[in-house]
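Novice: Structure file structure_1.txt (compact mmCIF, C-alpha atoms) right here:
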```
# COMPACT_ATOMS: atom_id res chain seq x y z
CA MET F 23 183.62 68.02 -42.31
CA LYS F 24 183.53 71.66 -41.45
CA THR F 25 186.19 71.24 -38.80
CA ALA F 26 188.40 69.41 -41.22
CA SER F 27 188.26 72.13 -43.84
CA PHE F 28 188.96 74.80 -41.25
CA ALA F 29 191.94 72.85 -40.10
CA PHE F 30 193.12 72.59 -43.68
CA LEU F 31 192.72 76.33 -44.20
CA GLY F 32 194.63 77.01 -41.02
CA LEU F 33 197.43 74.81 -42.21
CA MET F 34 197.59 76.65 -45.54
CA LEU F 35 197.73 80.03 -43.83
CA CYS F 36 200.52 78.84 -41.58
CA ALA F 37 202.45 77.57 -44.56
CA SER F 38 202.24 80.88 -46.37
CA ALA F 39 203.25 82.82 -43.30
CA MET F 40 206.15 80.49 -42.73
CA ALA F 41 209.65 81.21 -43.95
CA ALA F 42 210.16 81.09 -47.73
CA THR F 43 212.18 78.19 -48.96
CA GLN F 44 215.12 78.38 -51.32
CA PRO F 45 213.13 76.91 -54.26
CA ASP F 46 210.33 79.47 -53.63
CA ALA F 47 212.71 82.37 -53.64
CA GLU F 48 214.60 81.11 -56.69
CA ALA F 49 211.45 80.42 -58.68
CA THR F 50 210.02 83.86 -57.97
CA PHE F 51 213.34 85.46 -58.83
CA LYS F 52 213.39 83.61 -62.18
CA ALA F 53 209.83 84.73 -62.92
CA ALA F 54 210.73 88.34 -62.09
CA GLN F 55 213.81 88.15 -64.28
CA SER F 56 211.92 86.91 -67.30
CA GLU F 57 209.12 89.44 -66.83
CA GLU F 58 211.76 92.19 -66.70
CA ALA F 59 213.43 90.81 -69.84
CA LEU F 60 210.08 91.19 -71.61
CA ALA F 61 209.70 94.73 -70.26
CA LYS F 62 213.16 95.58 -71.58
CA ALA F 63 212.40 94.13 -74.99
CA GLU F 64 209.31 96.35 -75.07
CA GLN F 65 211.45 99.34 -73.95
CA ALA F 66 209.16 99.60 -70.96
CA ALA F 67 211.57 98.76 -68.15
CA TRP F 68 211.79 100.78 -64.93
CA THR F 69 215.02 101.52 -63.08
CA THR F 70 213.31 100.55 -59.81
CA THR F 71 212.64 97.05 -61.14
CA GLU F 72 216.31 96.74 -62.00
CA THR F 73 217.51 97.80 -58.56
CA THR F 74 214.94 95.59 -56.80
CA LEU F 75 216.05 92.62 -58.89
CA ALA F 76 219.68 93.34 -58.05
CA ASP F 77 218.78 93.47 -54.36
CA ALA F 78 216.91 90.17 -54.64
CA GLN F 79 219.97 88.65 -56.27
CA LYS F 80 222.10 89.81 -53.36
CA SER F 81 219.71 88.27 -50.85
CA LEU F 82 219.77 84.99 -52.80
CA THR F 83 223.53 84.99 -52.68
CA ALA F 84 223.37 85.67 -48.94
CA GLN F 85 220.87 82.76 -48.64
CA LYS F 86 218.30 85.04 -47.01
CA TRP F 87 215.35 83.27 -48.61
CA ASP F 88 212.60 85.33 -46.93
CA GLU F 89 214.11 88.59 -47.96
CA ALA F 90 214.94 87.28 -51.44
CA LYS F 91 211.39 86.05 -51.95
CA ALA F 92 209.88 89.37 -50.82
CA LEU F 93 212.19 91.37 -53.08
CA ALA F 94 211.59 89.06 -56.03
CA ASP F 95 207.82 89.41 -55.49
CA GLU F 96 208.22 93.16 -55.55
CA ALA F 97 210.38 93.11 -58.68
CA LEU F 98 207.87 90.85 -60.41
CA ALA F 99 205.02 93.22 -59.53
CA LEU F 100 207.02 96.23 -60.76
CA ALA F 101 207.92 94.53 -64.04
CA LYS F 102 204.27 93.64 -64.59
CA ARG F 103 203.15 97.19 -63.87
CA SER F 104 205.75 98.63 -66.24
CA ARG F 105 204.50 96.37 -69.04
CA ALA F 106 200.88 97.24 -68.27
CA GLN F 107 201.78 100.94 -68.44
CA ALA F 108 203.36 100.48 -71.88
CA THR F 109 200.31 98.59 -73.16
CA GLU F 110 197.91 101.19 -71.80
CA GLN F 111 199.96 104.07 -73.22
CA LYS F 112 199.82 102.57 -76.73
CA THR F 113 196.49 104.35 -77.09
CA LEU F 114 196.35 106.78 -74.15
CA TRP F 115 199.23 108.95 -75.43
CA GLN F 116 196.93 110.34 -78.08
CA ASP F 117 194.90 112.17 -75.44
CA ALA F 118 197.97 114.23 -74.54
CA VAL F 119 198.76 115.49 -78.05
CA ILE F 120 198.67 119.27 -78.55
CA ARG F 121 195.98 119.89 -81.15
CA MET L 28 172.09 83.78 -79.09
CA ILE L 29 171.78 86.54 -76.53
CA VAL L 30 175.54 86.66 -76.32
CA ARG L 31 175.84 87.06 -80.05
CA ARG L 32 173.28 89.88 -80.11
CA LEU L 33 175.05 91.61 -77.25
CA LEU L 34 178.34 91.34 -79.09
CA ALA L 35 176.81 92.81 -82.23
CA VAL L 36 175.49 95.77 -80.25
CA LEU L 37 178.84 96.30 -78.59
CA ILE L 38 180.73 96.19 -81.85
CA ALA L 39 178.28 98.58 -83.53
CA GLY L 40 178.58 100.91 -80.55
CA ALA L 41 182.34 100.83 -80.65
CA SER L 42 182.58 101.67 -84.31
CA LEU L 43 180.04 104.48 -83.92
CA GLY L 44 181.41 105.90 -80.70
CA ALA L 45 185.14 105.95 -81.31
CA ALA L 46 186.07 108.64 -83.79
CA PRO L 47 188.67 107.31 -86.24
CA ALA L 48 192.17 108.50 -85.42
CA PRO L 49 192.86 111.52 -87.65
CA ALA L 50 195.31 110.90 -90.50
CA PRO L 51 198.80 111.99 -89.41
CA ASN L 52 199.63 115.47 -90.61
CA PRO L 53 202.97 116.80 -89.32
CA GLU L 54 202.34 120.32 -90.59
CA THR L 55 199.02 120.58 -88.74
CA ASP L 56 200.79 119.23 -85.65
CA ARG L 57 203.57 121.80 -85.98
CA VAL L 58 201.24 124.76 -86.26
CA ALA L 59 199.24 123.63 -83.21
CA PHE L 60 202.43 122.85 -81.25
CA GLN L 61 203.99 126.25 -81.93
CA SER L 62 200.85 128.23 -81.23
CA TYR L 63 200.51 126.41 -77.88
CA PHE L 64 203.90 127.78 -76.81
CA PHE L 65 203.40 131.21 -78.38
CA THR L 66 200.17 131.50 -76.38
CA LYS L 67 201.68 130.09 -73.18
CA PHE L 68 204.62 132.52 -73.35
CA PRO L 69 203.20 135.59 -75.08
CA ASN L 70 206.20 137.78 -74.19
CA VAL L 71 208.85 135.48 -75.62
CA LYS L 72 209.98 136.39 -79.13
CA HIS L 73 209.60 133.39 -81.42
CA GLU L 74 213.28 133.19 -82.32
CA GLU L 75 214.11 133.12 -78.60
CA PHE L 76 212.71 129.62 -78.08
CA GLY L 77 216.08 128.21 -79.07
CA ASN L 78 217.47 129.47 -75.77
CA GLY L 79 215.63 126.93 -73.64
CA PRO L 80 215.10 127.93 -70.01
CA TYR L 81 216.68 131.35 -70.60
CA ALA L 82 213.90 132.26 -72.99
CA VAL L 83 211.27 131.93 -70.27
CA ASN L 84 213.01 132.95 -67.04
CA ALA L 85 214.37 136.46 -66.56
CA PRO L 86 216.65 135.97 -63.49
CA MET L 87 218.26 132.95 -65.11
CA ARG L 88 218.75 134.89 -68.27
CA LYS L 89 220.77 137.53 -66.44
CA GLN L 90 223.07 134.92 -64.96
CA TRP L 91 223.44 133.42 -68.40
CA GLU L 92 224.37 136.70 -70.02
CA GLU L 93 227.20 136.97 -67.52
CA ILE L 94 228.41 133.42 -68.14
CA MET L 95 228.32 134.02 -71.87
CA GLN L 96 231.09 136.60 -71.61
CA PHE L 97 233.40 133.59 -71.33
CA PRO L 98 231.34 130.73 -72.76
CA PRO L 99 232.34 127.43 -71.12
CA TYR L 100 231.98 125.59 -74.44
CA GLU L 101 234.85 127.53 -76.04
CA PRO L 102 237.45 124.76 -75.50
CA ALA L 103 235.04 122.26 -77.09
CA LEU L 104 234.66 124.52 -80.12
CA ASP L 105 238.41 124.63 -80.59
CA GLU L 106 238.72 120.87 -80.16
CA GLY L 107 235.79 120.37 -82.55
CA ARG L 108 237.31 122.50 -85.28
CA GLU L 109 240.60 120.66 -85.00
CA ALA L 110 238.96 117.22 -85.05
CA PHE L 111 236.71 118.21 -87.96
CA GLU L 112 239.58 119.47 -90.07
CA ALA L 113 242.01 116.63 -89.35
CA PRO L 114 242.19 114.04 -92.16
CA PHE L 115 241.25 110.39 -91.56
CA ALA L 116 243.97 107.77 -91.98
CA ASN L 117 242.82 107.36 -95.61
CA GLY L 118 243.37 111.07 -96.28
CA ARG L 119 239.69 111.92 -96.60
CA HIS L 120 237.83 114.38 -94.33
CA TYR L 121 234.54 114.79 -92.51
CA SER L 122 233.74 117.53 -95.00
CA ASP L 123 233.66 114.90 -97.77
CA CYS L 124 230.66 113.24 -96.10
CA PHE L 125 228.36 116.26 -95.79
CA ASP L 126 226.44 118.68 -97.98
CA ASN L 127 228.30 121.97 -98.34
CA GLY L 128 231.35 120.41 -96.70
CA GLY L 129 229.42 120.29 -93.41
CA ASP L 130 229.23 124.07 -93.17
CA GLY L 131 225.89 125.50 -91.95
CA ILE L 132 223.86 122.30 -92.23
CA ARG L 133 223.05 121.40 -88.61
CA GLN L 134 219.49 122.76 -88.96
CA THR L 135 218.69 120.06 -91.56
CA TYR L 136 219.24 117.17 -89.10
CA PRO L 137 217.81 114.66 -88.30
CA ARG L 138 217.04 113.46 -91.80
CA PHE L 139 215.10 110.53 -93.16
CA ASP L 140 217.42 108.22 -95.09
CA THR L 141 215.53 106.79 -98.05
CA LYS L 142 218.09 103.99 -98.51
CA THR L 143 217.77 102.47 -95.06
CA GLY L 144 214.36 103.84 -94.08
CA GLU L 145 215.96 105.08 -90.86
CA ILE L 146 216.24 108.47 -89.17
CA ILE L 147 219.82 109.72 -89.22
CA THR L 148 220.88 112.35 -86.71
CA LEU L 149 223.90 114.62 -87.10
CA ASP L 150 225.74 112.57 -84.47
CA GLY L 151 224.83 109.38 -86.32
CA ALA L 152 225.98 110.88 -89.62
CA ILE L 153 229.32 111.82 -88.07
CA ASN L 154 229.89 108.25 -86.92
CA ALA L 155 228.68 106.84 -90.24
CA CYS L 156 231.22 109.10 -91.95
CA ARG L 157 233.97 107.76 -89.70
CA VAL L 158 233.02 104.14 -90.25
CA SER L 159 232.79 104.54 -94.03
CA ASN L 160 236.33 105.93 -93.90
CA GLY L 161 237.68 103.05 -91.86
CA GLU L 162 237.65 104.82 -88.48
CA LYS L 163 236.05 103.65 -85.24
CA PRO L 164 232.78 105.36 -84.22
CA LEU L 165 233.07 107.96 -81.44
CA PRO L 166 231.43 107.55 -78.02
CA LEU L 167 228.08 109.31 -78.23
CA GLN L 168 227.46 111.13 -74.97
CA THR L 169 230.28 113.64 -74.59
CA GLY L 170 233.90 114.26 -75.59
CA VAL L 171 234.97 114.63 -79.22
CA MET L 172 231.45 113.90 -80.55
CA ALA L 173 230.11 116.86 -78.56
CA SER L 174 233.02 118.99 -79.74
CA ILE L 175 232.48 118.21 -83.43
CA THR L 176 228.73 118.83 -83.21
CA ALA L 177 229.46 122.07 -81.32
CA PHE L 178 231.68 123.21 -84.17
CA MET L 179 229.11 122.22 -86.80
CA SER L 180 226.23 123.84 -84.86
CA GLU L 181 228.08 127.10 -84.54
CA SER L 182 228.27 127.33 -88.32
CA SER L 183 224.46 127.07 -88.35
CA ARG L 184 223.71 129.69 -85.70
CA GLY L 185 220.72 131.77 -86.68
CA LYS L 186 219.60 129.32 -89.37
CA PRO L 187 216.06 128.11 -88.66
CA PHE L 188 215.36 124.38 -88.25
CA ASP L 189 214.48 123.02 -91.67
CA ILE L 190 213.47 119.39 -91.18
CA LYS L 191 211.93 117.52 -94.08
CA ILE L 192 209.50 114.64 -93.96
CA PRO L 193 209.64 113.25 -97.48
CA ALA L 194 206.59 111.65 -99.08
CA ASP L 195 207.58 108.17 -97.97
CA PRO L 196 205.27 106.22 -95.67
CA ARG L 197 208.30 105.07 -93.63
CA ALA L 198 209.27 108.69 -92.91
CA LEU L 199 205.78 109.52 -91.73
CA ALA L 200 205.72 106.35 -89.61
CA ALA L 201 209.04 107.31 -87.99
CA TYR L 202 207.64 110.77 -87.26
CA GLU L 203 204.52 109.26 -85.70
CA ARG L 204 206.58 106.92 -83.52
CA GLY L 205 208.64 109.89 -82.36
CA LYS L 206 205.46 111.74 -81.51
CA GLU L 207 204.14 108.75 -79.55
CA PHE L 208 207.43 108.51 -77.65
CA PHE L 209 207.13 112.17 -76.70
CA TYR L 210 203.56 111.95 -75.42
CA ALA L 211 203.52 108.44 -73.87
CA ARG L 212 203.96 108.20 -70.11
CA LYS L 213 206.95 106.16 -69.03
CA GLY L 214 208.92 105.12 -66.00
CA GLN L 215 207.70 104.36 -62.50
CA LEU L 216 206.78 108.02 -62.06
CA GLY L 217 204.52 107.87 -65.11
CA PHE L 218 205.82 111.04 -66.75
CA ALA L 219 205.86 111.71 -70.47
CA CYS L 220 208.43 114.03 -72.05
CA ALA L 221 205.42 116.28 -72.56
CA SER L 222 204.54 116.29 -68.84
CA CYS L 223 207.71 118.21 -68.08
CA HIS L 224 208.42 120.07 -71.33
CA VAL L 225 204.85 120.99 -72.35
CA GLN L 226 202.62 121.18 -69.25
CA GLY L 227 205.61 121.89 -66.99
CA ALA L 228 207.51 124.24 -69.33
CA GLY L 229 208.84 127.27 -67.47
CA GLU L 230 208.17 125.68 -64.04
CA ARG L 231 210.88 124.94 -61.54
CA LEU L 232 211.94 121.34 -60.94
CA ARG L 233 214.51 121.14 -58.15
CA GLY L 234 217.27 123.53 -59.30
CA ASP L 235 216.12 123.66 -62.92
CA ILE L 236 213.67 125.64 -64.98
CA LEU L 237 212.03 123.22 -67.40
CA ALA L 238 212.77 124.12 -71.01
CA PRO L 239 209.78 124.45 -73.36
CA ALA L 240 209.65 121.62 -75.93
CA LEU L 241 209.57 124.18 -78.73
CA GLY L 242 213.16 124.78 -79.83
CA ILE L 243 214.42 122.37 -77.15
CA LEU L 244 217.18 120.94 -79.38
CA ALA L 245 218.36 124.20 -80.94
CA ALA L 246 221.19 124.72 -78.45
CA PHE L 247 222.78 121.27 -78.62
CA PRO L 248 225.36 120.23 -77.76
CA ILE L 249 225.42 122.01 -74.39
CA TYR L 250 227.86 122.61 -71.60
CA ARG L 251 226.08 121.91 -68.31
CA SER L 252 227.65 123.04 -65.05
CA ASP L 253 226.16 120.08 -63.19
CA TRP L 254 227.83 117.74 -65.71
CA GLY L 255 230.96 119.85 -65.63
CA ALA L 256 231.29 118.93 -69.29
CA MET L 257 229.70 119.02 -72.71
CA GLY L 258 226.79 116.73 -73.50
CA THR L 259 225.10 115.59 -76.67
CA ILE L 260 221.39 115.09 -77.29
CA ASP L 261 221.82 111.42 -76.33
CA ARG L 262 223.24 112.44 -72.98
CA ARG L 263 220.26 114.67 -72.29
CA PHE L 264 217.67 112.09 -73.39
CA THR L 265 219.36 109.44 -71.27
CA SER L 266 219.20 111.55 -68.13
CA CYS L 267 215.61 112.64 -68.80
CA SER L 268 214.58 108.98 -69.16
CA ALA L 269 216.28 108.15 -65.87
CA GLN L 270 214.49 111.05 -64.12
CA THR L 271 211.17 109.33 -64.80
CA ARG L 272 212.67 106.06 -63.44
CA ALA L 273 212.56 104.51 -66.89
CA VAL L 274 215.57 102.45 -67.94
CA PRO L 275 217.28 104.72 -70.50
CA LEU L 276 217.66 103.41 -74.03
CA PRO L 277 221.08 103.04 -75.61
CA ALA L 278 222.39 106.21 -77.28
CA GLN L 279 221.04 106.55 -80.85
CA ALA L 280 218.33 103.95 -80.18
CA ALA L 281 215.67 104.19 -82.90
CA ALA L 282 213.18 105.69 -80.42
CA TYR L 283 215.61 108.47 -79.43
CA ARG L 284 216.37 109.26 -83.07
CA GLU L 285 212.67 109.36 -83.83
CA VAL L 286 211.75 111.63 -80.94
CA GLU L 287 214.59 113.90 -82.06
CA TYR L 288 213.07 113.92 -85.55
CA PHE L 289 209.65 114.79 -84.13
CA LEU L 290 210.94 117.55 -81.83
CA SER L 291 213.11 119.07 -84.55
CA TYR L 292 210.24 119.09 -87.02
CA MET L 293 208.05 120.78 -84.39
CA SER L 294 210.77 123.45 -84.18
CA ASN L 295 210.93 124.22 -87.89
CA GLY L 296 211.42 127.97 -88.17
CA ILE L 297 213.18 128.31 -84.78
CA PRO L 298 216.85 129.30 -85.28
CA ILE L 299 219.80 127.16 -84.16
CA THR L 300 221.58 128.64 -81.12
CA GLY L 301 224.10 125.90 -80.38
CA PRO L 302 226.40 125.20 -78.85
CA GLY L 303 224.72 126.22 -75.62
CA THR L 304 225.45 126.54 -71.95
CA ARG L 305 223.20 125.53 -69.07
CA PRO L 306 223.42 125.84 -65.28
```
Let's see the structure in the file written out as structure tokens.
Specialist:
Amino acid sequence: MKTASFAFLGLMLCASAMAATQPDAEATFKAAQSEEALAKAEQAAWTTTETTLADAQKSLTAQKWDEAKALADEALALAKRSRAQATEQKTLWQDAVIR
Amino acid sequence: MIVRRLLAVLIAGASLGAAPAPAPNPETDRVAFQSYFFTKFPNVKHEEFGNGPYAVNAPMRKQWEEIMQFPPYEPALDEGREAFEAPFANGRHYSDCFDNGGDGIRQTYPRFDTKTGEIITLDGAINACRVSNGEKPLPLQTGVMASITAFMSESSRGKPFDIKIPADPRALAAYERGKEFFYARKGQLGFACASCHVQGAGERLRGDILAPALGILAAFPIYRSDWGAMGTIDRRFTSCSAQTRAVPLPAQAAAYREVEYFLSYMSNGIPITGPGTRP
């Protein structure tokens, strides 16, 4: 039992360390794009997210799935952080006001 | 049961602990804002705040005084006068759109428009005038728009900012949104406008001395040597947004108009100096 689950875990780790597939890369890129669209609608977008997305797009076009997946992951994380910043600042800005 | 009691305690605590946000009062804000800068720069005469970095940095001021013997915005002033005086295709003029024929009114912009509930800047009013007379709007960042606003600003030199917030909840809300935009951190670098132009005012950032937020719009439009051209308020806001690694908003976006409204109201009493020149 124990051996089996270890073997399973090992397999999973191998899979994630293995090269990203085209569907992986494309799905992550789509997710990053829609997160960034939300950030833009909230006027919270970062220029770095935009350039990272553009780089991911280039890697997709070049069929470099590993690179594309890594860049899309990064863009997704940036877009999420930019939206979190905007949400947080909805109240935090008041601490900065000159009184 | 326990959960419900815990919740009740938490809610009671929250409503006791958190002081209610004070009711917005622009005049209280303005007095506090101005005295912050008067205290931070005790040797700067109040009317000098319209000179941006030159008000707070002596070596730069000397350079500036030399440049001002042949102000680089002169050609824009000439172009602006010509454009302002030329009739539209329908025979009407810019002067038909503005109070006092557009003479000496720059200090009263931005205004709250009670019809639309929107903030209207001078640049926006110029384009609205064009459109209502069947002309295409002008590009907003530089060029003829900067020249016309330069010409109109010059006729307001020395007149203190006189921004009104009428007793209309929408005007107060626009002011509050502008204030939030100014103080909220943005961009990957997490800077607010205030980080650079309040806390950082007078400090050096790369080649620049950061202008104090008080009077920061009095000199617009400006000729900047690093642009090699004139620039409007939109141009400046756009590049400041980009410096924080935030995606800039489109020119005349509501948020830009509202932060202009806030900053101009904060500067009530500071005289117009525009057009200006910057390194």
Novice: Could you pull the residues within 8 Å of segment 190-204 of chain L, counting only C-alpha atoms, minus those fewer than 3 positions along the same chain, as a CSV table (one decimal) with C-alpha atoms, keeping the file's coordinate frame?
Specialist:
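So the final result, stored in part11.csv, reads:
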```csv
chain,number,residue,atom,x,y,z
L,51,PRO,CA,198.8,112.0,-89.4
L,53,PRO,CA,203.0,116.8,-89.3
L,134,GLN,CA,219.5,122.8,-89.0
L,135,THR,CA,218.7,120.1,-91.6
L,136,TYR,CA,219.2,117.2,-89.1
L,137,PRO,CA,217.8,114.7,-88.3
L,138,ARG,CA,217.0,113.5,-91.8
L,139,PHE,CA,215.1,110.5,-93.2
L,144,GLY,CA,214.4,103.8,-94.1
L,145,GLU,CA,216.0,105.1,-90.9
L,146,ILE,CA,216.2,108.5,-89.2
L,207,GLU,CA,204.1,108.8,-79.6
L,208,PHE,CA,207.4,108.5,-77.6
L,282,ALA,CA,213.2,105.7,-80.4
L,285,GLU,CA,212.7,109.4,-83.8
L,286,VAL,CA,211.8,111.6,-80.9
L,288,TYR,CA,213.1,113.9,-85.6
L,289,PHE,CA,209.6,114.8,-84.1
L,291,SER,CA,213.1,119.1,-84.6
L,292,TYR,CA,210.2,119.1,-87.0
L,295,ASN,CA,210.9,124.2,-87.9
```
Novice: Could you tell me how far atom CA of Ala273 of chain L sits from atom CA of Lys112 of chain F, in Å to one decimal place?
Specialist: 16.2 Å
Novice: Once you count all atoms listed in the file, which residues of chain L turn out to be within 9 Å of chain F? Could you give them as a count of residues only?
Specialist: 29
Novice: Need the shell around Arg251 of chain L: protein/DNA/RNA residues with any atom at most 7 Å away, counting only C-alpha atoms. Skip same-chain ones fewer than 3 positions apart. Format as a list in words?
Specialist: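 Here the answer would be Trp254, Gly255, Ala256, Met257, Thr304, Arg305 and Pro306 of chain L.
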Novice: Pick from F:Ala106, F:Leu98, F:Ala76, F:Ala92: nearest to Glu57 of chain F, with only C-alpha atoms counted?
Specialist: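 Closest residue, counting only C-alpha atoms: F:Leu98.
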Novice: Expressed in Å to a single decimal, how great is the separation between atom CA of Gly301 of chain L and atom CA of Asn52 of chain L?
Specialist: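 About the pair atom CA of Gly301 of chain L and atom CA of Asn52 of chain L: they are 28.5 Å apart.
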Novice: What is the distance, in Å and to one decimal place, between atom CA of Leu60 of chain F and atom CA of Thr259 of chain L?
Specialist: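 Straight-line distance from atom CA of Leu60 of chain F to atom CA of Thr259 of chain L works out to 29.1 Å.
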Novice: Excluding Trp87 of chain F and any residue of its chain fewer than 2 positions from it, enumerate the residues within 8 Å of it, using all atoms listed in the file, and give them as a list in words.
Specialist: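 The contact residues come out as Ala41, Ala42, Thr43, Gln44, Ala47, Ser81, Leu82, Gln85, Glu89, Ala90 and Lys91 of chain F.
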Novice: Have a look at L:Phe188, L:Phe65, L:Phe111, L:Phe125 and name the one nearest to Val171 of chain L; count all atoms listed in the file.
Specialist: L:Phe111
Novice: Of the residues L:Gly234, L:Arg157, L:Gln61, L:Pro86, which is the one nearest to His73 of chain L, using all atoms listed in the file?
Specialist: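 Among the listed residues, the smallest separation from His73 of chain L belongs to L:Gln61.
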Novice: Excluding same-chain residues fewer than 4 positions from Leu75 of chain F, what lies within 7 Å of it counting only C-alpha atoms, as number ranges by chain?
Specialist: F: 71, 79, 94, 97
Novice: Kindly indicate which residue among L:Leu244, L:Ala155, L:Ala228, L:Ile260 lies nearest to Ala173 of chain L, using all atoms listed in the file for the distances.
Specialist: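 When distances to Ala173 of chain L are compared using all atoms listed in the file, the smallest one comes from L:Ile260.
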Novice: Given the choices F:Thr74, F:Pro45, F:Glu64, F:Ala84, which gets closest to Glu96 of chain F if the distance is worked out from all atoms listed in the file?
Specialist: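 Closest candidate: F:Thr74.
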Novice: The centre and edge lengths of an axis-aligned box containing all atoms of segment 231-245 of chain L present in the file, extended by 5 Å on each side, are to be given in Å to one decimal, as lines of an AutoDock Vina configuration file.
Specialist:
```
center_x = 214.0
center_y = 123.3
center_z = -69.5
size_x = 18.8
size_y = 14.7
size_z = 32.8
```
